[in-house]
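A.B. asks: For reference, this is protein17.txt, and it has compact mmCIF, C-alpha atoms and all ligand atoms.
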# COMPACT_ATOMS: atom_id res chain seq x y z
CA MET A 1 -18.94 16.42 -27.90
CA SER A 2 -20.81 13.51 -26.34
CA GLN A 3 -18.77 10.33 -26.39
CA PRO A 4 -20.40 7.02 -27.49
CA VAL A 5 -19.98 4.21 -24.95
CA THR A 6 -20.59 0.50 -25.46
CA ILE A 7 -21.50 -1.57 -22.41
CA LEU A 8 -21.01 -5.34 -22.53
CA GLY A 9 -22.80 -7.09 -19.66
CA ALA A 10 -25.09 -4.07 -19.40
CA THR A 11 -27.77 -5.88 -17.37
CA GLY A 12 -25.38 -6.91 -14.59
CA SER A 13 -24.27 -5.20 -11.41
CA ILE A 14 -21.34 -3.32 -13.03
CA GLY A 15 -23.35 -2.70 -16.20
CA LEU A 16 -26.16 -0.99 -14.28
CA SER A 17 -23.73 1.06 -12.18
CA THR A 18 -22.09 2.19 -15.44
CA LEU A 19 -25.48 3.16 -16.82
CA ASP A 20 -26.06 5.21 -13.68
CA VAL A 21 -22.77 7.13 -14.04
CA VAL A 22 -23.16 7.64 -17.80
CA GLY A 23 -26.73 8.90 -17.24
CA ARG A 24 -25.43 11.66 -14.95
CA TYR A 25 -23.31 13.15 -17.73
CA PRO A 26 -25.61 13.45 -20.76
CA ASP A 27 -23.36 16.12 -22.29
CA ARG A 28 -20.28 13.93 -22.10
CA PHE A 29 -21.52 10.40 -22.79
CA HIS A 30 -24.28 8.48 -24.49
CA VAL A 31 -24.78 4.74 -24.73
CA HIS A 32 -24.06 3.52 -28.24
CA ALA A 33 -24.58 -0.23 -27.81
CA VAL A 34 -25.40 -2.75 -25.08
CA ALA A 35 -25.02 -6.51 -24.71
CA GLY A 36 -26.56 -8.91 -22.21
CA GLY A 37 -26.35 -12.66 -21.63
CA SER A 38 -29.79 -14.24 -21.78
CA ARG A 39 -32.36 -12.26 -19.80
CA ILE A 40 -34.64 -10.34 -22.15
CA ALA A 41 -36.72 -8.25 -19.71
CA GLU A 42 -33.59 -6.77 -18.10
CA LEU A 43 -32.03 -5.96 -21.46
CA VAL A 44 -35.23 -4.26 -22.64
CA ASP A 45 -35.21 -2.19 -19.42
CA VAL A 46 -31.64 -1.13 -20.14
CA CYS A 47 -32.67 -0.17 -23.70
CA ARG A 48 -35.58 1.88 -22.32
CA ARG A 49 -33.21 3.78 -20.05
CA ALA A 50 -30.33 4.29 -22.46
CA HIS A 51 -31.90 4.04 -25.94
CA PRO A 52 -28.78 2.64 -27.66
CA LYS A 53 -28.39 2.23 -31.41
CA LYS A 54 -27.59 -1.49 -31.03
CA ALA A 55 -28.55 -4.29 -28.64
CA VAL A 56 -27.05 -7.77 -28.56
CA ILE A 57 -28.16 -10.85 -26.65
CA ALA A 58 -25.45 -13.49 -26.25
CA ASP A 59 -27.96 -16.35 -26.22
CA GLU A 60 -28.62 -16.92 -29.92
CA SER A 61 -31.98 -18.62 -29.34
CA LYS A 62 -33.36 -15.37 -27.86
CA TYR A 63 -33.02 -13.21 -30.97
CA ALA A 64 -36.69 -13.19 -32.00
CA GLU A 65 -37.85 -12.70 -28.42
CA LEU A 66 -35.61 -9.64 -27.96
CA LYS A 67 -36.65 -8.17 -31.31
CA THR A 68 -40.37 -8.53 -30.49
CA ALA A 69 -39.98 -7.20 -26.96
CA LEU A 70 -38.14 -4.11 -28.23
CA VAL A 71 -40.81 -3.43 -30.87
CA GLU A 72 -43.52 -3.78 -28.19
CA ALA A 73 -41.61 -1.32 -25.99
CA GLY A 74 -41.61 1.22 -28.83
CA LEU A 75 -37.89 0.64 -29.41
CA GLY A 76 -38.13 -1.01 -32.81
CA ASP A 77 -35.44 1.31 -34.22
CA ILE A 78 -32.72 -0.46 -32.20
CA ASP A 79 -30.52 -2.70 -34.32
CA VAL A 80 -30.71 -6.21 -32.79
CA HIS A 81 -28.12 -9.01 -33.02
CA ALA A 82 -27.59 -12.28 -31.15
CA GLY A 83 -24.79 -14.72 -30.37
CA GLN A 84 -21.34 -14.67 -28.77
CA ALA A 85 -19.74 -13.48 -32.02
CA ALA A 86 -22.11 -10.50 -32.06
CA VAL A 87 -20.95 -9.53 -28.54
CA ALA A 88 -17.32 -9.59 -29.72
CA ALA A 89 -18.32 -7.62 -32.84
CA LEU A 90 -19.71 -4.83 -30.60
CA ALA A 91 -16.34 -4.65 -28.86
CA GLU A 92 -14.65 -3.76 -32.15
CA ASP A 93 -17.43 -1.60 -33.61
CA PRO A 94 -15.74 1.40 -35.31
CA ASP A 95 -18.59 3.69 -34.17
CA THR A 96 -17.39 3.70 -30.57
CA GLN A 97 -13.97 4.08 -28.96
CA THR A 98 -15.00 3.36 -25.35
CA VAL A 99 -15.94 -0.19 -24.37
CA VAL A 100 -17.01 -1.12 -20.84
CA GLN A 101 -16.34 -4.84 -20.46
CA ALA A 102 -18.61 -6.09 -17.65
CA VAL A 103 -19.48 -9.59 -18.85
CA VAL A 104 -19.02 -12.25 -16.17
CA GLY A 105 -16.65 -15.19 -16.60
CA ALA A 106 -14.48 -16.50 -19.42
CA ALA A 107 -17.32 -15.60 -21.82
CA GLY A 108 -15.55 -12.23 -21.68
CA VAL A 109 -12.28 -13.46 -23.19
CA ALA A 110 -13.24 -13.06 -26.88
CA PRO A 111 -14.81 -9.57 -26.48
CA THR A 112 -11.83 -8.34 -24.41
CA PHE A 113 -9.35 -9.47 -27.07
CA ALA A 114 -11.58 -8.02 -29.80
CA ALA A 115 -11.57 -4.61 -28.08
CA ALA A 116 -7.81 -4.80 -27.49
CA ARG A 117 -7.12 -5.71 -31.12
CA ALA A 118 -9.31 -2.86 -32.32
CA GLY A 119 -7.27 -0.42 -30.19
CA LYS A 120 -10.17 0.65 -28.00
CA ARG A 121 -10.23 2.41 -24.65
CA LEU A 122 -11.15 -0.68 -22.67
CA LEU A 123 -12.73 -0.20 -19.25
CA LEU A 124 -12.21 -3.68 -17.92
CA ALA A 125 -14.26 -5.17 -15.09
CA ASN A 126 -14.16 -8.72 -16.49
CA LYS A 127 -11.17 -10.02 -14.50
CA GLU A 128 -11.55 -13.54 -15.88
CA SER A 129 -10.34 -12.34 -19.28
CA VAL A 130 -7.12 -11.03 -17.71
CA VAL A 131 -6.68 -14.28 -15.79
CA CYS A 132 -7.14 -16.31 -19.00
CA GLY A 133 -5.45 -13.87 -21.37
CA GLY A 134 -2.35 -13.22 -19.23
CA GLY A 135 0.69 -11.83 -20.98
CA LEU A 136 -0.85 -12.47 -24.39
CA LEU A 137 -3.64 -10.00 -23.62
CA MET A 138 -1.21 -7.37 -22.34
CA ARG A 139 0.95 -7.72 -25.48
CA THR A 140 -2.15 -7.36 -27.66
CA VAL A 141 -3.17 -4.20 -25.78
CA ARG A 142 0.30 -2.73 -26.28
CA ASP A 143 0.80 -3.79 -29.89
CA CYS A 144 -2.62 -2.59 -31.00
CA GLY A 145 -2.49 0.75 -29.16
CA ALA A 146 -5.45 -0.02 -26.90
CA GLU A 147 -5.84 1.71 -23.52
CA LEU A 148 -6.72 -0.58 -20.64
CA LEU A 149 -8.31 1.01 -17.59
CA PRO A 150 -9.01 -1.42 -14.74
CA VAL A 151 -12.48 -1.12 -13.20
CA ASP A 152 -12.05 -3.80 -10.53
CA SER A 153 -11.87 -1.60 -7.42
CA GLU A 154 -8.50 -2.89 -6.15
CA HIS A 155 -6.86 -2.61 -9.55
CA ASN A 156 -8.37 0.78 -10.14
CA ALA A 157 -6.86 1.79 -6.79
CA ILE A 158 -3.43 0.35 -7.69
CA PHE A 159 -3.59 2.14 -11.06
CA GLN A 160 -4.15 5.39 -9.17
CA CYS A 161 -1.38 4.65 -6.62
CA LEU A 162 1.10 3.92 -9.42
CA SER A 163 0.25 6.91 -11.54
CA GLY A 164 3.25 9.17 -11.74
CA ALA A 165 5.68 6.47 -10.57
CA SER A 166 8.72 6.12 -12.84
CA PRO A 167 9.52 2.67 -14.28
CA LYS A 168 12.39 2.40 -11.79
CA SER A 169 10.19 3.18 -8.78
CA ARG A 170 7.58 0.71 -10.04
CA ALA A 171 10.24 -1.96 -10.32
CA GLY A 172 11.06 -1.64 -6.62
CA ALA A 173 7.46 -1.44 -5.41
CA ARG A 174 5.09 -3.94 -3.80
CA ILE A 175 1.33 -4.17 -4.24
CA LEU A 176 -0.80 -4.46 -1.10
CA LEU A 177 -4.03 -5.94 -2.43
CA THR A 178 -6.84 -5.58 0.09
CA ALA A 179 -9.60 -8.14 0.63
CA SER A 180 -12.75 -7.78 2.72
CA GLY A 181 -12.43 -11.42 3.80
CA GLY A 182 -15.98 -12.13 2.64
CA PRO A 183 -18.96 -13.30 4.69
CA PHE A 184 -17.10 -16.20 6.37
CA ARG A 185 -14.04 -14.41 7.68
CA GLY A 186 -12.99 -15.80 11.04
CA ARG A 187 -14.85 -19.11 10.66
CA LYS A 188 -13.14 -22.29 11.77
CA ASP A 189 -14.64 -24.44 9.00
CA LEU A 190 -16.80 -24.04 5.91
CA LYS A 191 -19.32 -26.82 6.55
CA GLY A 192 -23.07 -26.52 5.97
CA ILE A 193 -22.94 -23.12 4.26
CA THR A 194 -26.09 -22.33 2.27
CA VAL A 195 -26.31 -20.49 -1.06
CA GLU A 196 -28.11 -17.61 0.68
CA GLN A 197 -25.38 -17.23 3.30
CA ALA A 198 -22.67 -17.32 0.65
CA LEU A 199 -24.40 -14.69 -1.49
CA ALA A 200 -24.78 -12.25 1.43
CA HIS A 201 -21.56 -10.24 1.11
CA PRO A 202 -21.00 -7.90 4.06
CA ARG A 203 -19.72 -4.91 2.03
CA TRP A 204 -20.43 -5.15 -1.67
CA ASN A 205 -23.60 -5.82 -3.62
CA MET A 206 -22.44 -7.78 -6.69
CA GLY A 207 -23.40 -10.45 -9.22
CA ARG A 208 -23.88 -14.04 -8.02
CA LYS A 209 -20.66 -15.54 -9.37
CA ILE A 210 -18.31 -12.91 -7.93
CA SER A 211 -20.22 -13.03 -4.61
CA ILE A 212 -19.44 -16.75 -4.28
CA ASP A 213 -15.83 -16.09 -5.38
CA SER A 214 -15.58 -13.50 -2.60
CA ALA A 215 -16.89 -16.01 -0.06
CA THR A 216 -14.27 -18.65 -1.03
CA LEU A 217 -11.51 -16.01 -1.48
CA MET A 218 -11.11 -17.22 -5.05
CA ASN A 219 -11.98 -13.67 -6.04
CA LYS A 220 -8.79 -12.49 -4.34
CA GLY A 221 -6.84 -15.28 -6.02
CA LEU A 222 -8.16 -14.16 -9.42
CA GLU A 223 -7.28 -10.58 -8.49
CA VAL A 224 -3.68 -11.49 -7.63
CA ILE A 225 -3.39 -12.99 -11.13
CA GLU A 226 -5.14 -9.94 -12.60
CA ALA A 227 -2.69 -7.60 -10.82
CA ARG A 228 0.29 -9.66 -11.95
CA TRP A 229 -0.59 -9.04 -15.61
CA LEU A 230 -2.14 -5.59 -15.49
CA PHE A 231 0.82 -4.03 -13.67
CA ASP A 232 3.60 -6.47 -14.59
CA PHE A 233 4.42 -7.33 -10.95
CA GLU A 234 5.88 -10.71 -10.07
CA PRO A 235 3.59 -12.67 -7.70
CA SER A 236 6.15 -12.34 -4.89
CA ARG A 237 5.60 -8.56 -5.02
CA ILE A 238 1.84 -8.86 -4.52
CA GLN A 239 0.64 -9.29 -0.94
CA VAL A 240 -2.98 -9.83 0.07
CA VAL A 241 -4.09 -8.02 3.22
CA VAL A 242 -7.52 -8.64 4.74
CA HIS A 243 -9.25 -5.36 5.51
CA PRO A 244 -12.86 -6.01 6.54
CA GLU A 245 -14.04 -2.38 6.33
CA SER A 246 -13.33 -2.22 2.55
CA ILE A 247 -12.31 1.44 2.77
CA VAL A 248 -8.69 1.09 1.60
CA HIS A 249 -9.22 -0.30 -1.89
CA SER A 250 -5.53 -1.26 -2.20
CA ALA A 251 -2.11 0.30 -1.77
CA VAL A 252 1.42 0.31 -3.17
CA GLU A 253 4.54 0.29 -1.02
CA PHE A 254 7.56 1.94 -2.61
CA GLU A 255 11.23 1.30 -2.02
CA ASP A 256 11.60 4.21 0.40
CA GLY A 257 8.91 2.71 2.66
CA ALA A 258 6.20 5.16 1.57
CA VAL A 259 2.82 3.48 1.18
CA ILE A 260 0.32 5.15 -1.13
CA ALA A 261 -3.27 3.96 -0.76
CA GLN A 262 -6.58 4.84 -2.36
CA LEU A 263 -9.57 5.13 -0.04
CA GLY A 264 -13.28 5.56 -0.62
CA SER A 265 -16.67 4.13 0.21
CA ALA A 266 -17.51 0.69 -1.20
CA ASP A 267 -19.30 1.79 -4.36
CA MET A 268 -18.24 0.63 -7.82
CA ARG A 269 -19.42 3.92 -9.32
CA THR A 270 -16.16 5.51 -8.11
CA PRO A 271 -13.80 3.29 -10.17
CA ILE A 272 -16.28 3.32 -13.06
CA ALA A 273 -16.41 7.14 -13.07
CA TYR A 274 -12.61 7.29 -12.77
CA SER A 275 -12.15 5.06 -15.81
CA LEU A 276 -14.81 6.87 -17.83
CA GLY A 277 -13.35 10.28 -17.14
CA TRP A 278 -9.64 9.41 -17.09
CA PRO A 279 -7.37 11.35 -17.00
CA GLU A 280 -9.95 13.74 -15.60
CA ARG A 281 -11.93 12.88 -12.45
CA LEU A 282 -15.71 12.66 -12.54
CA ASP A 283 -18.09 12.44 -9.59
CA GLY A 284 -19.56 8.93 -9.50
CA HIS A 285 -21.96 10.08 -6.76
CA ALA A 286 -20.76 7.49 -4.27
CA ARG A 287 -21.24 8.34 -0.59
CA ARG A 288 -18.46 10.63 0.67
CA LEU A 289 -16.04 9.08 3.09
CA SER A 290 -16.06 10.41 6.64
CA LEU A 291 -12.86 9.21 8.29
CA THR A 292 -13.98 10.43 11.70
CA GLU A 293 -17.27 8.53 11.37
CA ILE A 294 -15.35 5.36 10.45
CA GLY A 295 -12.96 5.86 13.38
CA ARG A 296 -10.70 2.90 12.84
CA LEU A 297 -9.48 0.65 10.04
CA THR A 298 -8.26 -2.89 10.67
CA PHE A 299 -5.96 -5.24 8.77
CA GLU A 300 -5.09 -8.92 9.17
CA GLU A 301 -3.45 -11.85 7.37
CA PRO A 302 -5.66 -14.02 5.14
CA ASP A 303 -6.37 -17.51 6.53
CA THR A 304 -5.31 -19.82 3.70
CA ASN A 305 -5.97 -22.97 5.75
CA ILE A 306 -9.69 -22.28 5.88
CA PHE A 307 -9.67 -20.57 2.45
CA PRO A 308 -7.18 -22.63 0.39
CA LEU A 309 -8.16 -21.11 -2.97
CA LEU A 310 -6.06 -18.00 -2.42
CA ARG A 311 -2.95 -20.16 -1.97
CA ILE A 312 -3.95 -22.40 -4.88
CA ALA A 313 -4.30 -19.35 -7.15
CA TYR A 314 -0.76 -18.20 -6.24
CA GLU A 315 0.56 -21.70 -6.96
CA ALA A 316 -1.20 -21.81 -10.35
CA LEU A 317 0.29 -18.40 -11.21
CA GLU A 318 3.80 -19.40 -10.09
CA LYS A 319 3.69 -22.40 -12.42
CA GLY A 320 3.55 -19.97 -15.32
CA ASP A 321 1.63 -22.37 -17.56
CA GLY A 322 -2.04 -22.92 -18.47
CA SER A 323 -2.93 -23.66 -14.82
CA THR A 324 -4.51 -20.25 -14.33
CA ILE A 325 -6.97 -21.04 -17.15
CA VAL A 326 -7.71 -24.45 -15.57
CA LEU A 327 -8.23 -22.76 -12.20
CA ASN A 328 -10.65 -20.23 -13.64
CA ALA A 329 -12.72 -22.66 -15.72
CA ALA A 330 -12.99 -25.29 -12.98
CA ASN A 331 -14.04 -22.54 -10.57
CA GLU A 332 -16.79 -21.32 -12.90
CA ILE A 333 -18.28 -24.81 -13.18
CA ALA A 334 -17.92 -25.55 -9.45
CA VAL A 335 -19.58 -22.23 -8.52
CA GLU A 336 -22.40 -22.93 -10.97
CA ALA A 337 -22.89 -26.36 -9.33
CA PHE A 338 -22.89 -24.84 -5.84
CA LEU A 339 -25.44 -22.20 -6.88
CA ALA A 340 -27.62 -25.01 -8.33
CA ARG A 341 -27.27 -26.74 -4.91
CA ARG A 342 -25.57 -29.75 -6.47
CA ILE A 343 -22.34 -29.56 -4.43
CA PRO A 344 -21.59 -28.18 -0.96
CA PHE A 345 -19.66 -24.94 -0.50
CA ASP A 346 -16.49 -26.64 0.74
CA ALA A 347 -16.42 -28.89 -2.34
CA ILE A 348 -15.67 -25.91 -4.61
CA SER A 349 -11.96 -25.87 -3.69
CA LYS A 350 -11.76 -29.67 -3.92
CA VAL A 351 -13.16 -29.69 -7.46
CA ILE A 352 -10.63 -27.05 -8.52
CA GLN A 353 -7.68 -28.86 -6.93
CA ASP A 354 -8.78 -32.08 -8.58
CA MET A 355 -8.88 -30.46 -12.03
CA LEU A 356 -5.51 -28.75 -11.51
CA ALA A 357 -4.00 -32.13 -10.69
CA ARG A 358 -5.55 -33.69 -13.81
CA ILE A 359 -4.88 -31.08 -16.48
CA SER A 360 -1.46 -29.65 -17.11
CA GLU A 361 -0.87 -27.67 -20.28
CA PRO A 362 1.60 -25.02 -21.39
CA PHE A 363 0.27 -21.47 -21.61
CA PRO A 364 -1.66 -21.15 -24.92
CA GLN A 365 -0.17 -19.19 -27.81
CA SER A 366 -3.40 -17.71 -29.17
CA VAL A 367 -6.93 -16.68 -28.17
CA GLU A 368 -8.30 -19.73 -29.97
CA GLU A 369 -6.08 -21.99 -27.87
CA ILE A 370 -7.14 -20.20 -24.69
CA LEU A 371 -10.80 -20.74 -25.57
CA ALA A 372 -10.14 -24.39 -26.45
CA LEU A 373 -8.41 -25.08 -23.11
CA ASP A 374 -11.19 -23.26 -21.25
CA ALA A 375 -13.84 -25.34 -23.05
CA ARG A 376 -12.00 -28.58 -22.37
CA VAL A 377 -11.67 -27.88 -18.64
CA ARG A 378 -15.36 -26.95 -18.38
CA GLU A 379 -16.37 -30.12 -20.12
CA GLU A 380 -14.11 -32.32 -17.96
CA THR A 381 -15.16 -30.59 -14.75
CA ARG A 382 -18.84 -31.12 -15.60
CA ARG A 383 -18.14 -34.78 -16.30
CA ARG A 384 -16.29 -35.19 -12.99
CA LEU A 385 -19.13 -33.56 -11.12
CA GLU A 386 -21.64 -35.96 -12.69
CA ASN A 387 -19.59 -38.98 -11.68
CA ALA A 388 -18.33 -37.94 -8.26
CA SER A 389 -20.75 -37.75 -5.40
CA PHE A 390 -20.53 -34.83 -3.03
CA GLU A 391 -22.72 -34.66 0.04
CA VAL A 392 -24.94 -31.60 -0.04
P1 LIG B 401 -23.45 -9.92 -13.09
O1 LIG B 401 -23.73 -11.37 -13.00
O2 LIG B 401 -24.25 -8.99 -12.26
O3 LIG B 401 -23.56 -9.45 -14.60
C1 LIG B 401 -22.95 -10.14 -15.64
C2 LIG B 401 -23.37 -9.58 -16.97
O4 LIG B 401 -22.80 -10.40 -18.00
C3 LIG B 401 -24.87 -9.59 -17.22
O5 LIG B 401 -25.21 -8.45 -17.97
C4 LIG B 401 -25.08 -10.83 -18.05
O6 LIG B 401 -26.23 -10.78 -18.85
C5 LIG B 401 -23.82 -10.80 -18.89
N1 LIG B 401 -23.45 -12.10 -19.47
C6 LIG B 401 -23.47 -13.31 -18.87
N2 LIG B 401 -23.04 -14.25 -19.73
C7 LIG B 401 -22.74 -13.61 -20.88
C8 LIG B 401 -22.26 -14.03 -22.13
N3 LIG B 401 -22.00 -15.33 -22.39
N4 LIG B 401 -22.02 -13.12 -23.08
C9 LIG B 401 -22.32 -11.81 -22.85
N5 LIG B 401 -22.79 -11.35 -21.69
C10 LIG B 401 -23.00 -12.25 -20.72
O7 LIG B 401 -21.90 -9.73 -12.77
P2 LIG B 401 -21.14 -8.47 -12.20
O8 LIG B 401 -21.10 -8.54 -10.71
O9 LIG B 401 -21.64 -7.22 -12.83
O10 LIG B 401 -19.65 -8.75 -12.68
C11 LIG B 401 -19.25 -8.57 -14.01
C12 LIG B 401 -17.73 -8.68 -14.10
O11 LIG B 401 -17.15 -7.62 -13.34
C13 LIG B 401 -17.17 -9.99 -13.49
O12 LIG B 401 -16.06 -10.39 -14.21
C14 LIG B 401 -16.76 -9.56 -12.08
O13 LIG B 401 -15.71 -10.35 -11.58
C15 LIG B 401 -16.30 -8.14 -12.33
N6 LIG B 401 -16.39 -7.27 -11.15
C16 LIG B 401 -17.59 -7.03 -10.56
C17 LIG B 401 -17.67 -6.23 -9.44
C18 LIG B 401 -19.00 -5.92 -8.79
O14 LIG B 401 -19.04 -5.13 -7.84
N7 LIG B 401 -20.11 -6.47 -9.23
C19 LIG B 401 -16.51 -5.67 -8.92
C20 LIG B 401 -15.30 -5.92 -9.54
C21 LIG B 401 -15.24 -6.72 -10.67
MG MG B 402 -12.29 -6.45 -6.70
As structure tokens, please, write out the structure in this file.
Ligand code: NAD
Ligand code: MG
C.D. replies:
Amino acid sequence: MSQPVTILGATGSIGLSTLDVVGRYPDRFHVHAVAGGSRIAELVDVCRRAHPKKAVIADESKYAELKTALVEAGLGDIDVHAGQAAVAALAEDPDTQTVVQAVVGAAGVAPTFAAARAGKRLLLANKESVVCGGGLLMRTVRDCGAELLPVDSEHNAIFQCLSGASPKSRAGARILLTASGGPFRGRKDLKGITVEQALAHPRWNMGRKISIDSATLMNKGLEVIEARWLFDFEPSRIQVVVHPESIVHSAVEFEDGAVIAQLGSADMRTPIAYSLGWPERLDGHARRLSLTEIGRLTFEEPDTNIFPLLRIAYEALEKGDGSTIVLNAANEIAVEAFLARRIPFDAISKVIQDMLARISEPFPQSVEEILALDARVREETRRRLENASFEV
């Protein structure tokens, strides 16, 4: 029987790749509901392709526009809703068990928790909700009988490397989290970098926010935190290894010295297909890997002097308090300001360090407290950016 799938963040890079994989298996899957942020034309395109029963736009002011555009496209039968609460409501909709969470940023926290609480099979690309949700999210997943399948390529790889490992072997293992190094690997400073240069990732074609995170190495910092919670590994057992070819998506080293890695071409359809089909494997139609064509794979240490955010992310995690939420929120605002050409690239890490020094809170006890801390940090970071002057 065809399985209904809900895609949150359907208009984004991961959302569209998911649509591509789902569309190749019409007998196995159909799209039940989709949600997008604010762009109507893209969401209507998605609806044309997938013809879901429901469509949600997070931006409440766009409700009428979406409704009209769908009627004009001959899709007036789609049930339309708007607002952040409507996105979270899709995540717990009883008509679907499978939720692909591909919203960008902390806007994904509420829908991720909603899906976890409703005991869904949660295909999670939105790493920011793991960074902000931490142990509270993992407890919710466990207590509510949800199934969390990581879509982030490294975490999907680690999930595969750990499958079949007993709890005892996991306890003695180490995660080797690979990083491409981004577009500025090997540079001696980060001065004068333009938005266009920062968005041009050498290996992956992704959304704007994660592309900037990859260029600052904040993405890897967020992924260390993500791995810490998803797999219950202490930070000291997670090592970042720069691997510019992006062929080894990550690896796990076991106590006996055996290293198990997952390899493949750099195409998110592979981890998406893996999570959709799990425990069975599906073909995501990514390019097949030819090891002889590739010839050699290289590995190096990350340079945390030039890219301090990776070190700062470890420090925030080691503190074990609300610092990871501060880190994430300040980063979102700083990246937004860089993309709007209001601050230079090398100011992103300074803004984050400044906010980490200013705000120190214990780890929140509830989702509401997480959202409140996130909102407070955003607000204060915006205010700081208005008052401080950064040379562009
Ligand atoms: P994107 O910018 O291409 O897409 C983001 C999606 O979220 C869009 O559909 C957008 O409309 C939607 N959105 C934005 N704000 C929203 C809101 N407030 N409420 C609901 N929806 C909202 O981003 P992306 O590259 O697809 O990344 C999505 C998530 O997946 C991020 O957390 C990213 O870190 C993670 N991820 C992406 C990749 C990749 O290759 N793109 C790889 C690994 C992990
Ligand atoms: Mg990744």
A.B. asks: When you count all atoms listed in the file, which of these residues is closest to A:His32: A:Pro167, A:Gly12, A:Pro364, A:Pro4?
C.D. replies: A:Pro4
A.B. asks: May I have the residues within 7 Å of ligand LIG 401 (chain B), computed using only C-alpha atoms and all ligand atoms, as number ranges by chain?
C.D. replies: A: 8-15, 35-39, 58, 84, 87, 102-105, 107-108, 125-128, 151-153, 204-210, 268
A.B. asks: Neighbouring residues of A:Gln239 were defined as those with any atom within 9 Å, considering all atoms listed in the file; residues of the same chain fewer than 5 positions away were excluded. Please report them as a compact mmCIF listing (two decimals) with C-alpha atoms, in the coordinates of the input.
C.D. replies:
# COMPACT_ATOMS: atom_id res chain seq x y z
CA ARG A 174 5.09 -3.94 -3.80
CA ILE A 175 1.33 -4.17 -4.24
CA LEU A 176 -0.80 -4.46 -1.10
CA LEU A 177 -4.03 -5.94 -2.43
CA THR A 178 -6.84 -5.58 0.09
CA VAL A 224 -3.68 -11.49 -7.63
A.B. asks: Name the residues in contact with A:Asp93 at a cut-off of 10 Å, using only C-alpha atoms, excluding same-chain residues fewer than 5 positions from it; report them as a PyMOL selection string.
C.D. replies: chain A and resi 6+32-33+88+98-99+114-115+118+120
A.B. asks: Can you pull out the residues contacting A:Ile78? Cut-off 6 Å, using all atoms listed in the file, and skip same-chain residues under 3 positions away; I want them as a PyMOL selection string.
C.D. replies: chain A and resi 53-54+75
A.B. asks: Measuring between only C-alpha atoms, which one of A:Ser246, A:Tyr25, A:Leu19, A:Leu371 shows the shortest distance to A:Met1?
C.D. replies: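 With only C-alpha atoms as the atom set, the closest residue is A:Tyr25.
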A.B. asks: Could you pull the residues within 9 Å of A:Val46, counting all atoms listed in the file, minus those fewer than 2 positions along the same chain, as a ChimeraX atom specification?
C.D. replies: /A:10-11,16,19,34,41-44,48-52
A.B. asks: Between A:Asn156, A:Ser163, A:Ser360, A:Ser169, single out the one closest to ligand MG 402 (chain B), counting all atoms listed in the file.
C.D. replies: A:Asn156
A.B. asks: Determine, counting only C-alpha atoms, which protein, DNA and RNA residues have an atom within 10 Å of an atom of stretch 306-309 of chain A; residues of the same chain fewer than 5 positions away are not included. Present the result as a PyMOL selection string.
C.D. replies: chain A and resi 181+184-190+213+215-222+314-315+327+331+346+348-350+352-353
A.B. asks: What are the nearest atom pairs, with distances in Å to one decimal, for all residues of stretch 259-338 of chain A that come at most 10 Å from stretch 157-160 of chain A, using all atoms listed in the file, set out by chain and rising residue number as a Markdown table?
C.D. replies:
| residue | atom | partner | partner_atom | distance |
| --- | --- | --- | --- | --- |
| A:Ile260 | CA | A:Ile158 | CA | 9.0 |
| A:Ala261 | CA | A:Ala157 | CA | 7.3 |
| A:Gln262 | CA | A:Ala157 | CA | 5.4 |
| A:Leu263 | CA | A:Ala157 | CA | 8.0 |
| A:Gly264 | CA | A:Ala157 | CA | 9.7 |
| A:Pro271 | CA | A:Ala157 | CA | 7.9 |
| A:Tyr274 | CA | A:Gln160 | CA | 9.4 |
A.B. asks: Find, counting only C-alpha atoms and all ligand atoms, the residue in A:Cys47, A:Ile7, A:Ile225, A:Ile57 that gets nearest to ligand MG 402 (chain B).
C.D. replies: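 Comparing A:Cys47, A:Ile7, A:Ile225, A:Ile57 against ligand MG 402 (chain B), the winner is A:Ile225.
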A.B. asks: Using all atoms listed in the file, which of A:Ala273, A:Ala388, A:Ala173, A:Val351 sits nearest A:Ser17?
C.D. replies: A:Ala273
A.B. asks: Atom CA of A:Arg24 to atom CA of A:Leu230: how many Å, to one decimal?
C.D. replies: 29.0 Å
A.B. asks: Which residue gives the smallest distance to A:Ala357 among A:Ala69, A:Leu291, A:Ala330, A:Val131, with all atoms listed in the file counted?
C.D. replies: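 Among A:Ala69, A:Leu291, A:Ala330, A:Val131, it is A:Ala330 that comes nearest to A:Ala357.
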